[in-house]
$ cat coords26.cif   # mmCIF, C-alpha atoms
data_run
#
loop_
_atom_site.group_PDB
_atom_site.id
_atom_site.type_symbol
_atom_site.label_atom_id
_atom_site.label_comp_id
_atom_site.auth_asym_id
_atom_site.auth_seq_id
_atom_site.Cartn_x
_atom_site.Cartn_y
_atom_site.Cartn_z
ATOM 1 C CA GLY A 17 0.000 0.000 0.000
ATOM 2 C CA ALA A 18 0.938 3.631 -0.349
ATOM 3 C CA VAL A 19 3.192 4.913 2.428
ATOM 4 C CA VAL A 20 3.765 8.492 3.494
ATOM 5 C CA SER A 21 6.457 9.494 5.941
ATOM 6 C CA GLN A 22 7.007 12.676 7.926
ATOM 7 C CA HIS A 23 10.149 13.988 9.500
ATOM 8 C CA PRO A 24 10.670 14.853 12.252
ATOM 9 C CA SER A 25 8.034 13.087 14.302
ATOM 10 C CA ARG A 26 8.516 15.470 17.165
ATOM 11 C CA VAL A 27 10.272 18.830 17.438
ATOM 12 C CA ILE A 28 10.716 21.340 20.227
ATOM 13 C CA CYS A 29 11.974 24.802 19.355
ATOM 14 C CA LYS A 30 12.375 28.225 20.858
ATOM 15 C CA SER A 31 10.025 31.052 20.046
ATOM 16 C CA GLY A 32 11.187 33.014 17.017
ATOM 17 C CA THR A 33 12.946 30.165 15.270
ATOM 18 C CA SER A 34 11.848 28.422 12.080
ATOM 19 C CA VAL A 35 11.023 24.749 11.783
ATOM 20 C CA LYS A 36 10.883 22.644 8.635
ATOM 21 C CA ILE A 37 8.709 19.542 8.381
ATOM 22 C CA GLU A 38 9.152 17.076 5.520
ATOM 23 C CA CYS A 39 6.472 14.922 3.960
ATOM 24 C CA ARG A 40 7.509 12.135 1.604
ATOM 25 C CA SER A 41 5.554 9.660 -0.471
ATOM 26 C CA LEU A 42 7.732 6.558 -0.328
ATOM 27 C CA ASP A 43 6.348 4.279 -3.005
ATOM 28 C CA PHE A 44 4.351 6.525 -5.293
ATOM 29 C CA GLN A 45 4.506 9.926 -6.884
ATOM 30 C CA ALA A 46 2.171 12.609 -5.640
ATOM 31 C CA THR A 47 1.405 15.668 -7.699
ATOM 32 C CA THR A 48 -0.694 16.932 -4.827
ATOM 33 C CA MET A 49 -0.028 16.833 -1.115
ATOM 34 C CA PHE A 50 -2.027 18.362 1.700
ATOM 35 C CA TRP A 51 -1.040 19.895 5.019
ATOM 36 C CA TYR A 52 -3.352 19.714 8.012
ATOM 37 C CA ARG A 53 -3.214 21.018 11.527
ATOM 38 C CA GLN A 54 -4.855 19.263 14.437
ATOM 39 C CA PHE A 55 -5.453 20.581 17.933
ATOM 40 C CA PRO A 56 -5.921 18.159 20.828
ATOM 41 C CA LYS A 57 -9.078 16.091 20.510
ATOM 42 C CA GLN A 58 -10.195 18.092 17.501
ATOM 43 C CA SER A 59 -10.579 17.425 13.823
ATOM 44 C CA LEU A 60 -8.069 18.017 11.093
ATOM 45 C CA MET A 61 -8.032 21.502 9.655
ATOM 46 C CA LEU A 62 -6.803 21.777 6.098
ATOM 47 C CA MET A 63 -4.110 24.430 5.900
ATOM 48 C CA ALA A 64 -3.016 24.238 2.302
ATOM 49 C CA THR A 65 -2.841 22.170 -0.830
ATOM 50 C CA SER A 66 0.676 21.659 -2.112
ATOM 51 C CA ASN A 67 1.087 21.249 -5.864
ATOM 52 C CA GLU A 68 4.300 19.984 -7.397
ATOM 53 C CA GLY A 69 6.032 22.660 -9.407
ATOM 54 C CA SER A 70 3.616 25.442 -8.537
ATOM 55 C CA LYS A 71 2.529 27.607 -5.655
ATOM 56 C CA ALA A 72 0.542 26.131 -2.821
ATOM 57 C CA THR A 73 -3.111 26.980 -2.366
ATOM 58 C CA TYR A 74 -3.817 28.189 1.156
ATOM 59 C CA GLU A 75 -7.110 27.942 3.000
ATOM 60 C CA GLN A 76 -8.773 31.079 4.237
ATOM 61 C CA GLY A 77 -7.181 32.378 7.407
ATOM 62 C CA VAL A 78 -3.854 30.585 6.947
ATOM 63 C CA GLU A 79 -0.910 32.941 6.611
ATOM 64 C CA LYS A 80 1.136 31.970 3.577
ATOM 65 C CA ASP A 81 4.165 33.942 4.765
ATOM 66 C CA LYS A 82 4.161 32.127 8.067
ATOM 67 C CA PHE A 83 3.573 28.628 6.756
ATOM 68 C CA LEU A 84 5.841 28.257 3.752
ATOM 69 C CA ILE A 85 5.178 25.275 1.545
ATOM 70 C CA ASN A 86 7.519 23.900 -1.081
ATOM 71 C CA HIS A 87 6.722 20.935 -3.324
ATOM 72 C CA ALA A 88 9.897 20.632 -5.345
ATOM 73 C CA SER A 89 9.527 17.012 -6.416
ATOM 74 C CA LEU A 90 6.805 14.432 -6.884
ATOM 75 C CA THR A 91 7.745 12.709 -3.641
ATOM 76 C CA LEU A 92 8.537 15.576 -1.278
ATOM 77 C CA SER A 93 6.668 18.518 0.176
ATOM 78 C CA THR A 94 7.969 20.656 3.000
ATOM 79 C CA LEU A 95 6.184 22.912 5.457
ATOM 80 C CA THR A 96 8.268 25.581 7.158
ATOM 81 C CA VAL A 97 6.806 27.324 10.180
ATOM 82 C CA THR A 98 8.610 30.650 10.226
ATOM 83 C CA SER A 99 9.204 32.698 13.367
ATOM 84 C CA ALA A 100 7.341 30.139 15.410
ATOM 85 C CA HIS A 101 5.381 31.175 18.471
ATOM 86 C CA PRO A 102 3.797 29.100 21.248
ATOM 87 C CA GLU A 103 0.384 29.358 19.558
ATOM 88 C CA ASP A 104 1.850 27.475 16.599
ATOM 89 C CA SER A 105 2.305 24.426 18.814
ATOM 90 C CA SER A 106 0.180 21.723 17.296
ATOM 91 C CA PHE A 107 0.121 18.371 15.532
ATOM 92 C CA TYR A 108 0.833 18.777 11.827
ATOM 93 C CA ILE A 109 -0.214 16.010 9.455
ATOM 94 C CA CYS A 110 0.442 15.715 5.754
ATOM 95 C CA SER A 111 -1.229 13.542 3.173
ATOM 96 C CA ALA A 112 -0.382 12.629 -0.387
ATOM 97 C CA ASP A 113 -2.921 12.126 -3.125
ATOM 98 C CA ASP A 114 -2.753 8.947 -5.180
ATOM 99 C CA TYR A 115 -5.551 8.599 -7.717
ATOM 100 C CA ASN A 116 -7.955 10.683 -5.648
ATOM 101 C CA GLU A 117 -7.273 8.838 -2.413
ATOM 102 C CA GLN A 118 -5.282 10.468 0.353
ATOM 103 C CA PHE A 119 -2.640 8.609 2.318
ATOM 104 C CA PHE A 120 -1.617 10.200 5.574
ATOM 105 C CA GLY A 121 1.723 10.634 7.237
ATOM 106 C CA PRO A 122 2.223 9.793 10.915
ATOM 107 C CA GLY A 123 2.222 13.447 11.952
ATOM 108 C CA THR A 124 4.702 15.872 13.521
ATOM 109 C CA ARG A 125 4.242 17.185 17.046
ATOM 110 C CA LEU A 126 5.562 20.768 17.193
ATOM 111 C CA THR A 127 6.108 22.396 20.557
ATOM 112 C CA VAL A 128 7.235 26.012 20.634
ATOM 113 C CA LEU A 129 8.628 27.186 23.965
ATOM 114 C CA ALA B 8 -19.382 23.190 -0.073
ATOM 115 C CA GLN B 9 -18.962 19.765 1.446
ATOM 116 C CA SER B 10 -19.311 18.912 5.110
ATOM 117 C CA VAL B 11 -19.581 16.031 7.525
ATOM 118 C CA ALA B 12 -21.454 15.733 10.787
ATOM 119 C CA GLN B 13 -20.490 13.263 13.473
ATOM 120 C CA PRO B 14 -23.125 14.005 16.093
ATOM 121 C CA GLU B 15 -21.680 12.185 19.077
ATOM 122 C CA ASP B 16 -18.533 13.247 20.897
ATOM 123 C CA GLN B 17 -17.893 9.892 22.496
ATOM 124 C CA VAL B 18 -19.221 6.406 21.978
ATOM 125 C CA ASN B 19 -18.937 3.940 24.835
ATOM 126 C CA VAL B 20 -19.480 0.264 24.180
ATOM 127 C CA ALA B 21 -18.788 -2.924 26.098
ATOM 128 C CA GLU B 22 -16.260 -5.312 24.630
ATOM 129 C CA GLY B 23 -17.986 -7.858 22.415
ATOM 130 C CA ASN B 24 -20.986 -5.644 21.734
ATOM 131 C CA PRO B 25 -21.772 -4.088 18.360
ATOM 132 C CA LEU B 26 -20.169 -0.731 17.664
ATOM 133 C CA THR B 27 -21.749 2.013 15.565
ATOM 134 C CA VAL B 28 -20.236 5.410 14.821
ATOM 135 C CA LYS B 29 -22.573 7.782 13.021
ATOM 136 C CA CYS B 30 -21.786 10.050 10.089
ATOM 137 C CA THR B 31 -23.949 12.179 7.841
ATOM 138 C CA TYR B 32 -22.650 14.239 4.973
ATOM 139 C CA SER B 33 -23.495 17.071 2.653
ATOM 140 C CA VAL B 34 -21.974 17.383 -0.797
ATOM 141 C CA SER B 35 -23.028 18.374 -4.279
ATOM 142 C CA GLY B 36 -22.576 15.660 -6.820
ATOM 143 C CA ASN B 37 -21.521 12.081 -6.220
ATOM 144 C CA PRO B 38 -19.931 11.643 -2.784
ATOM 145 C CA TYR B 39 -16.709 9.850 -2.044
ATOM 146 C CA LEU B 40 -16.814 8.810 1.613
ATOM 147 C CA PHE B 41 -14.044 7.659 3.916
ATOM 148 C CA TRP B 42 -13.498 6.447 7.450
ATOM 149 C CA TYR B 43 -10.185 6.849 9.224
ATOM 150 C CA VAL B 44 -8.987 5.854 12.685
ATOM 151 C CA GLN B 45 -6.417 7.733 14.728
ATOM 152 C CA TYR B 46 -4.522 6.485 17.769
ATOM 153 C CA PRO B 47 -2.890 8.991 20.173
ATOM 154 C CA ASN B 48 -0.078 11.020 18.595
ATOM 155 C CA ARG B 49 -0.370 9.112 15.338
ATOM 156 C CA GLY B 50 -1.514 9.941 11.830
ATOM 157 C CA LEU B 51 -4.725 8.696 10.301
ATOM 158 C CA GLN B 52 -5.129 5.096 9.275
ATOM 159 C CA PHE B 53 -7.482 4.291 6.438
ATOM 160 C CA LEU B 54 -10.361 1.950 7.308
ATOM 161 C CA LEU B 55 -12.626 1.943 4.277
ATOM 162 C CA LYS B 56 -14.142 4.023 1.519
ATOM 163 C CA TYR B 57 -17.205 4.263 -0.657
ATOM 164 C CA ILE B 58 -16.777 5.479 -4.208
ATOM 165 C CA THR B 59 -19.407 3.597 -6.147
ATOM 166 C CA GLY B 60 -21.028 0.184 -6.310
ATOM 167 C CA ASP B 61 -22.332 -1.875 -3.406
ATOM 168 C CA ASN B 62 -23.707 0.280 -0.601
ATOM 169 C CA LEU B 63 -22.196 -1.987 2.042
ATOM 170 C CA VAL B 64 -18.461 -1.501 2.196
ATOM 171 C CA LYS B 65 -16.156 -3.820 4.115
ATOM 172 C CA GLY B 66 -12.864 -2.518 5.399
ATOM 173 C CA SER B 67 -9.935 -3.202 7.673
ATOM 174 C CA TYR B 68 -10.058 -4.808 11.143
ATOM 175 C CA GLY B 69 -13.612 -6.102 10.700
ATOM 176 C CA PHE B 70 -15.195 -2.699 10.151
ATOM 177 C CA GLU B 71 -17.891 -2.011 7.605
ATOM 178 C CA ALA B 72 -20.026 0.956 6.621
ATOM 179 C CA GLU B 73 -23.259 1.380 4.746
ATOM 180 C CA PHE B 74 -23.825 4.176 2.279
ATOM 181 C CA ASN B 75 -27.402 5.452 2.441
ATOM 182 C CA LYS B 76 -28.052 8.048 -0.219
ATOM 183 C CA SER B 77 -31.572 8.966 0.884
ATOM 184 C CA GLN B 78 -30.419 9.618 4.444
ATOM 185 C CA THR B 79 -27.024 11.007 3.362
ATOM 186 C CA SER B 80 -25.386 8.768 5.920
ATOM 187 C CA PHE B 81 -22.319 6.560 6.061
ATOM 188 C CA HIS B 82 -22.340 4.959 9.512
ATOM 189 C CA LEU B 83 -19.384 2.855 10.580
ATOM 190 C CA LYS B 84 -20.105 -0.495 12.208
ATOM 191 C CA LYS B 85 -18.344 -3.435 13.763
ATOM 192 C CA PRO B 86 -20.275 -6.499 14.965
ATOM 193 C CA SER B 87 -18.103 -7.172 18.015
ATOM 194 C CA ALA B 88 -15.926 -4.417 19.484
ATOM 195 C CA LEU B 89 -12.464 -5.023 20.890
ATOM 196 C CA VAL B 90 -10.681 -3.004 23.565
ATOM 197 C CA SER B 91 -8.026 -2.237 20.939
ATOM 198 C CA ASP B 92 -10.707 -0.465 18.877
ATOM 199 C CA SER B 93 -10.631 2.385 21.394
ATOM 200 C CA ALA B 94 -9.470 5.363 19.320
ATOM 201 C CA LEU B 95 -10.600 8.485 17.523
ATOM 202 C CA TYR B 96 -12.647 7.896 14.366
ATOM 203 C CA PHE B 97 -13.056 10.395 11.550
ATOM 204 C CA CYS B 98 -15.538 10.405 8.717
ATOM 205 C CA ALA B 99 -14.572 12.406 5.621
ATOM 206 C CA VAL B 100 -16.199 13.324 2.334
ATOM 207 C CA THR B 101 -15.203 14.661 -0.992
ATOM 208 C CA ARG B 102 -16.852 14.515 -4.360
ATOM 209 C CA GLN B 103 -16.021 13.205 -7.764
ATOM 210 C CA GLY B 104 -13.462 15.467 -9.377
ATOM 211 C CA ASN B 105 -12.370 17.094 -6.110
ATOM 212 C CA ASN B 106 -9.515 15.780 -3.993
ATOM 213 C CA ARG B 107 -10.014 18.062 -0.971
ATOM 214 C CA LEU B 108 -11.404 16.161 1.994
ATOM 215 C CA ALA B 109 -13.811 17.611 4.531
ATOM 216 C CA PHE B 110 -13.535 15.904 7.915
ATOM 217 C CA GLY B 111 -16.037 15.487 10.683
ATOM 218 C CA LYS B 112 -15.070 16.524 14.186
ATOM 219 C CA GLY B 113 -14.263 12.954 15.127
ATOM 220 C CA ASN B 114 -15.724 10.484 17.592
ATOM 221 C CA GLN B 115 -13.839 9.075 20.520
ATOM 222 C CA VAL B 116 -14.692 5.405 20.853
ATOM 223 C CA VAL B 117 -14.154 3.806 24.229
ATOM 224 C CA VAL B 118 -14.489 0.031 24.437
ATOM 225 C CA ILE B 119 -14.969 -1.083 28.013
ATOM 226 C CA PRO B 120 -13.467 -4.453 28.988
#

$ encode --input "coords26.cif" --output "structure tokens"
Amino acid sequence: GAVVSQHPSRVICKSGTSVKIECRSLDFQATTMFWYRQFPKQSLMLMATSNEGSKATYEQGVEKDKFLINHASLTLSTLTVTSAHPEDSSFYICSADDYNEQFFGPGTRLTVL
Amino acid sequence: AQSVAQPEDQVNVAEGNPLTVKCTYSVSGNPYLFWYVQYPNRGLQFLLKYITGDNLVKGSYGFEAEFNKSQTSFHLKKPSALVSDSALYFCAVTRQGNNRLAFGKGNQVVVIP
């Protein structure tokens, strides 16, 4: 089956620093990947749709300058949280689209001190 | 716009009893429906999907779901719950030609030994 990995699984950083999260499709190519944010015991909130070779499409209310997305290849999308603040602490999950079915990564727990 | 309602916050069931997790949806066009399960600090695991065909869909770990177009529902069921089924369950919908998923708020399932 299709496998999606995320790295790192857990990261702790100081306020004001930037953090990069990688999402990789391991055994298939994904033109489209998605980034979600999940607060404790809540649903997944779609942040942006990442398209290989073009700019990401951000959902309303998501700051594109704060959450930088790069989809440079068909197997890798990255999310960079710039100038992170404690309110950015969350669980970030990516998914990769394979023939209109999404396969999810294991998630990245970001804690900003 | 597409949306999903999961009316219950938590479902408690005794081990060995039938488990039902409810989901209703709203979408224009033909729905694509999904159920995912999430364990603490993990990504989403795919359980089953309905795209077309038989209304009764069988999935992983003994779960099944029935698509009911007239009631716009896609309830998840398992004949005999296990303690290991205790987790967070998400219903999601998209439509033909659209790969953006809309998630329900999730249901916490607690299986009591």

$ residues_near_point --input "coords26.cif" --point "(1.6, 27.9, 1.3)" --cutoff "10 Å" --atoms "all atoms listed in the file" --output "PDB file with C-alpha atoms, in the coordinates of the input"
ATOM      1  CA  TRP A  51      -1.040  19.895   5.019  1.00  0.00           C
ATOM      2  CA  MET A  63      -4.110  24.430   5.900  1.00  0.00           C
ATOM      3  CA  ALA A  64      -3.016  24.238   2.302  1.00  0.00           C
ATOM      4  CA  THR A  65      -2.841  22.170  -0.830  1.00  0.00           C
ATOM      5  CA  SER A  66       0.676  21.659  -2.112  1.00  0.00           C
ATOM      6  CA  ASN A  67       1.087  21.249  -5.864  1.00  0.00           C
ATOM      7  CA  LYS A  71       2.529  27.607  -5.655  1.00  0.00           C
ATOM      8  CA  ALA A  72       0.542  26.131  -2.821  1.00  0.00           C
ATOM      9  CA  THR A  73      -3.111  26.980  -2.366  1.00  0.00           C
ATOM     10  CA  TYR A  74      -3.817  28.189   1.156  1.00  0.00           C
ATOM     11  CA  GLU A  75      -7.110  27.942   3.000  1.00  0.00           C
ATOM     12  CA  VAL A  78      -3.854  30.585   6.947  1.00  0.00           C
ATOM     13  CA  GLU A  79      -0.910  32.941   6.611  1.00  0.00           C
ATOM     14  CA  LYS A  80       1.136  31.970   3.577  1.00  0.00           C
ATOM     15  CA  ASP A  81       4.165  33.942   4.765  1.00  0.00           C
ATOM     16  CA  LYS A  82       4.161  32.127   8.067  1.00  0.00           C
ATOM     17  CA  PHE A  83       3.573  28.628   6.756  1.00  0.00           C
ATOM     18  CA  LEU A  84       5.841  28.257   3.752  1.00  0.00           C
ATOM     19  CA  ILE A  85       5.178  25.275   1.545  1.00  0.00           C
ATOM     20  CA  ASN A  86       7.519  23.900  -1.081  1.00  0.00           C
ATOM     21  CA  HIS A  87       6.722  20.935  -3.324  1.00  0.00           C
ATOM     22  CA  THR A  94       7.969  20.656   3.000  1.00  0.00           C
ATOM     23  CA  LEU A  95       6.184  22.912   5.457  1.00  0.00           C
ATOM     24  CA  THR A  96       8.268  25.581   7.158  1.00  0.00           C
TER      25      THR A  96
END

$ closest_atom_pairs --input "coords26.cif" --of "chain B" --to "chain A" --cutoff "12 Å" --atoms "all atoms listed in the file" --output "JSON lines"
{"residue": "B:Val11", "atom": "CA", "partner": "A:Ser59", "partner_atom": "CA", "distance": 11.1}
{"residue": "B:Ala12", "atom": "CA", "partner": "A:Ser59", "partner_atom": "CA", "distance": 11.4}
{"residue": "B:Gln13", "atom": "CA", "partner": "A:Ser59", "partner_atom": "CA", "distance": 10.8}
{"residue": "B:Asp16", "atom": "CA", "partner": "A:Lys57", "partner_atom": "CA", "distance": 9.9}
{"residue": "B:Gln17", "atom": "CA", "partner": "A:Lys57", "partner_atom": "CA", "distance": 11.0}
{"residue": "B:Tyr39", "atom": "CA", "partner": "A:Glu117", "partner_atom": "CA", "distance": 9.5}
{"residue": "B:Leu40", "atom": "CA", "partner": "A:Glu117", "partner_atom": "CA", "distance": 10.4}
{"residue": "B:Phe41", "atom": "CA", "partner": "A:Glu117", "partner_atom": "CA", "distance": 9.3}
{"residue": "B:Trp42", "atom": "CA", "partner": "A:Gln118", "partner_atom": "CA", "distance": 11.6}
{"residue": "B:Tyr43", "atom": "CA", "partner": "A:Phe120", "partner_atom": "CA", "distance": 9.9}
{"residue": "B:Val44", "atom": "CA", "partner": "A:Phe120", "partner_atom": "CA", "distance": 11.1}
{"residue": "B:Gln45", "atom": "CA", "partner": "A:Pro122", "partner_atom": "CA", "distance": 9.7}
{"residue": "B:Tyr46", "atom": "CA", "partner": "A:Pro122", "partner_atom": "CA", "distance": 10.2}
{"residue": "B:Pro47", "atom": "CA", "partner": "A:Lys57", "partner_atom": "CA", "distance": 9.4}
{"residue": "B:Asn48", "atom": "CA", "partner": "A:Gly123", "partner_atom": "CA", "distance": 7.4}
{"residue": "B:Arg49", "atom": "CA", "partner": "A:Pro122", "partner_atom": "CA", "distance": 5.2}
{"residue": "B:Gly50", "atom": "CA", "partner": "A:Pro122", "partner_atom": "CA", "distance": 3.9}
{"residue": "B:Leu51", "atom": "CA", "partner": "A:Phe120", "partner_atom": "CA", "distance": 5.9}
{"residue": "B:Gln52", "atom": "CA", "partner": "A:Phe120", "partner_atom": "CA", "distance": 7.2}
{"residue": "B:Phe53", "atom": "CA", "partner": "A:Phe119", "partner_atom": "CA", "distance": 7.7}
{"residue": "B:Leu54", "atom": "CA", "partner": "A:Phe119", "partner_atom": "CA", "distance": 11.4}
{"residue": "B:Leu55", "atom": "CA", "partner": "A:Glu117", "partner_atom": "CA", "distance": 11.0}
{"residue": "B:Lys56", "atom": "CA", "partner": "A:Glu117", "partner_atom": "CA", "distance": 9.3}
{"residue": "B:Tyr57", "atom": "CA", "partner": "A:Glu117", "partner_atom": "CA", "distance": 11.1}
{"residue": "B:Ile58", "atom": "CA", "partner": "A:Glu117", "partner_atom": "CA", "distance": 10.2}
{"residue": "B:Ala94", "atom": "CA", "partner": "A:Lys57", "partner_atom": "CA", "distance": 10.8}
{"residue": "B:Leu95", "atom": "CA", "partner": "A:Lys57", "partner_atom": "CA", "distance": 8.3}
{"residue": "B:Tyr96", "atom": "CA", "partner": "A:Ser59", "partner_atom": "CA", "distance": 9.8}
{"residue": "B:Phe97", "atom": "CA", "partner": "A:Ser59", "partner_atom": "CA", "distance": 7.8}
{"residue": "B:Cys98", "atom": "CA", "partner": "A:Ser59", "partner_atom": "CA", "distance": 10.0}
{"residue": "B:Ala99", "atom": "CA", "partner": "A:Leu60", "partner_atom": "CA", "distance": 10.2}
{"residue": "B:Val100", "atom": "CA", "partner": "A:Glu117", "partner_atom": "CA", "distance": 11.1}
{"residue": "B:Thr101", "atom": "CA", "partner": "A:Asn116", "partner_atom": "CA", "distance": 9.5}
{"residue": "B:Arg102", "atom": "CA", "partner": "A:Asn116", "partner_atom": "CA", "distance": 9.8}
{"residue": "B:Gln103", "atom": "CA", "partner": "A:Asn116", "partner_atom": "CA", "distance": 8.7}
{"residue": "B:Gly104", "atom": "CA", "partner": "A:Asn116", "partner_atom": "CA", "distance": 8.2}
{"residue": "B:Asn105", "atom": "CA", "partner": "A:Asn116", "partner_atom": "CA", "distance": 7.8}
{"residue": "B:Asn106", "atom": "CA", "partner": "A:Asn116", "partner_atom": "CA", "distance": 5.6}
{"residue": "B:Arg107", "atom": "CA", "partner": "A:Thr65", "partner_atom": "CA", "distance": 8.3}
{"residue": "B:Leu108", "atom": "CA", "partner": "A:Leu62", "partner_atom": "CA", "distance": 8.3}
{"residue": "B:Ala109", "atom": "CA", "partner": "A:Leu62", "partner_atom": "CA", "distance": 8.3}
{"residue": "B:Phe110", "atom": "CA", "partner": "A:Leu60", "partner_atom": "CA", "distance": 6.7}
{"residue": "B:Gly111", "atom": "CA", "partner": "A:Ser59", "partner_atom": "CA", "distance": 6.6}
{"residue": "B:Lys112", "atom": "CA", "partner": "A:Ser59", "partner_atom": "CA", "distance": 4.6}
{"residue": "B:Gly113", "atom": "CA", "partner": "A:Ser59", "partner_atom": "CA", "distance": 5.9}
{"residue": "B:Asn114", "atom": "CA", "partner": "A:Lys57", "partner_atom": "CA", "distance": 9.2}
{"residue": "B:Gln115", "atom": "CA", "partner": "A:Lys57", "partner_atom": "CA", "distance": 8.5}

$ resolve_selection --input "coords26.cif" --expression "the PyMOL selection byres ((chain B and resi 86) around 7)" --output "number ranges by chain"
B: 24-26, 84-85, 87-88

$ write_last_selection --input "coords26.cif" --atoms "C-alpha atoms" --output "PDB file, in the frame of the given file"
ATOM      1  CA  ASN B  24     -20.986  -5.644  21.734  1.00  0.00           C
ATOM      2  CA  PRO B  25     -21.772  -4.088  18.360  1.00  0.00           C
ATOM      3  CA  LEU B  26     -20.169  -0.731  17.664  1.00  0.00           C
ATOM      4  CA  LYS B  84     -20.105  -0.495  12.208  1.00  0.00           C
ATOM      5  CA  LYS B  85     -18.344  -3.435  13.763  1.00  0.00           C
ATOM      6  CA  SER B  87     -18.103  -7.172  18.015  1.00  0.00           C
ATOM      7  CA  ALA B  88     -15.926  -4.417  19.484  1.00  0.00           C
TER       8      ALA B  88
END

$ atom_distance --input "coords26.cif" --atom1 "CA of Thr47 in chain A" --atom2 "CA of Ala8 in chain B"
23.4 Å

$ atom_distance --input "coords26.cif" --atom1 "CA of His101 in chain A" --atom2 "CA of Gln76 in chain A"
20.1 Å

$ atom_distance --input "coords26.cif" --atom1 "CA of Glu15 in chain B" --atom2 "CA of Val34 in chain B"
20.5 Å

$ closest_residue --input "coords26.cif" --among "B:Ile119, B:Cys30, B:Val90, B:Leu83" --to "Phe70 in chain B" --atoms "only C-alpha atoms"
B:Leu83

$ residues_near_point --input "coords26.cif" --point "(12.9, 27.8, 11.0)" --cutoff "12 Å" --atoms "all atoms listed in the file" --output "VMD selection string"
chain A and resid 27 to 37 82 to 84 94 to 101 126 128

$ resolve_selection --input "coords26.cif" --expression "the PyMOL selection byres ((chain B and resi 78) around 12)" --output "ChimeraX atom specification"
/B:29-33,73-77,79-82

$ build_atoms --input "coords26.cif" --residues "range 22-33 of chain A" --atoms "N, CA, C and O atoms" --output "PDB file, in the coordinates of the input"
ATOM      1  N   GLN A  22       6.783  11.310   7.496  1.00  0.00           N
ATOM      2  CA  GLN A  22       7.007  12.676   7.926  1.00  0.00           C
ATOM      3  C   GLN A  22       8.233  12.714   8.809  1.00  0.00           C
ATOM      4  O   GLN A  22       8.487  11.811   9.595  1.00  0.00           O
ATOM      5  N   HIS A  23       8.957  13.813   8.671  1.00  0.00           N
ATOM      6  CA  HIS A  23      10.149  13.988   9.500  1.00  0.00           C
ATOM      7  C   HIS A  23      10.307  15.453   9.875  1.00  0.00           C
ATOM      8  O   HIS A  23      10.152  16.319   8.996  1.00  0.00           O
ATOM      9  N   PRO A  24      10.548  15.789  11.129  1.00  0.00           N
ATOM     10  CA  PRO A  24      10.670  14.853  12.252  1.00  0.00           C
ATOM     11  C   PRO A  24       9.310  14.439  12.798  1.00  0.00           C
ATOM     12  O   PRO A  24       8.291  15.007  12.405  1.00  0.00           O
ATOM     13  N   SER A  25       9.294  13.487  13.684  1.00  0.00           N
ATOM     14  CA  SER A  25       8.034  13.087  14.302  1.00  0.00           C
ATOM     15  C   SER A  25       7.688  14.016  15.460  1.00  0.00           C
ATOM     16  O   SER A  25       6.516  14.173  15.814  1.00  0.00           O
ATOM     17  N   ARG A  26       8.732  14.597  16.021  1.00  0.00           N
ATOM     18  CA  ARG A  26       8.516  15.470  17.165  1.00  0.00           C
ATOM     19  C   ARG A  26       9.627  16.518  17.158  1.00  0.00           C
ATOM     20  O   ARG A  26      10.787  16.191  16.927  1.00  0.00           O
ATOM     21  N   VAL A  27       9.263  17.773  17.398  1.00  0.00           N
ATOM     22  CA  VAL A  27      10.272  18.830  17.438  1.00  0.00           C
ATOM     23  C   VAL A  27       9.873  19.856  18.489  1.00  0.00           C
ATOM     24  O   VAL A  27       8.701  20.225  18.608  1.00  0.00           O
ATOM     25  N   ILE A  28      10.884  20.282  19.239  1.00  0.00           N
ATOM     26  CA  ILE A  28      10.716  21.340  20.227  1.00  0.00           C
ATOM     27  C   ILE A  28      11.649  22.474  19.836  1.00  0.00           C
ATOM     28  O   ILE A  28      12.835  22.243  19.580  1.00  0.00           O
ATOM     29  N   CYS A  29      11.135  23.682  19.763  1.00  0.00           N
ATOM     30  CA  CYS A  29      11.974  24.802  19.355  1.00  0.00           C
ATOM     31  C   CYS A  29      11.671  26.030  20.213  1.00  0.00           C
ATOM     32  O   CYS A  29      10.646  26.087  20.894  1.00  0.00           O
ATOM     33  N   LYS A  30      12.565  26.977  20.130  1.00  0.00           N
ATOM     34  CA  LYS A  30      12.375  28.225  20.858  1.00  0.00           C
ATOM     35  C   LYS A  30      11.536  29.190  20.035  1.00  0.00           C
ATOM     36  O   LYS A  30      11.569  29.170  18.797  1.00  0.00           O
ATOM     37  N   SER A  31      10.838  30.044  20.711  1.00  0.00           N
ATOM     38  CA  SER A  31      10.025  31.052  20.046  1.00  0.00           C
ATOM     39  C   SER A  31      10.906  31.928  19.161  1.00  0.00           C
ATOM     40  O   SER A  31      12.006  32.329  19.548  1.00  0.00           O
ATOM     41  N   GLY A  32      10.443  32.179  17.938  1.00  0.00           N
ATOM     42  CA  GLY A  32      11.187  33.014  17.017  1.00  0.00           C
ATOM     43  C   GLY A  32      12.008  32.257  15.999  1.00  0.00           C
ATOM     44  O   GLY A  32      12.467  32.835  15.003  1.00  0.00           O
ATOM     45  N   THR A  33      12.187  30.980  16.231  1.00  0.00           N
ATOM     46  CA  THR A  33      12.946  30.165  15.270  1.00  0.00           C
ATOM     47  C   THR A  33      12.018  29.586  14.215  1.00  0.00           C
ATOM     48  O   THR A  33      10.787  29.634  14.341  1.00  0.00           O
TER      49      THR A  33
END
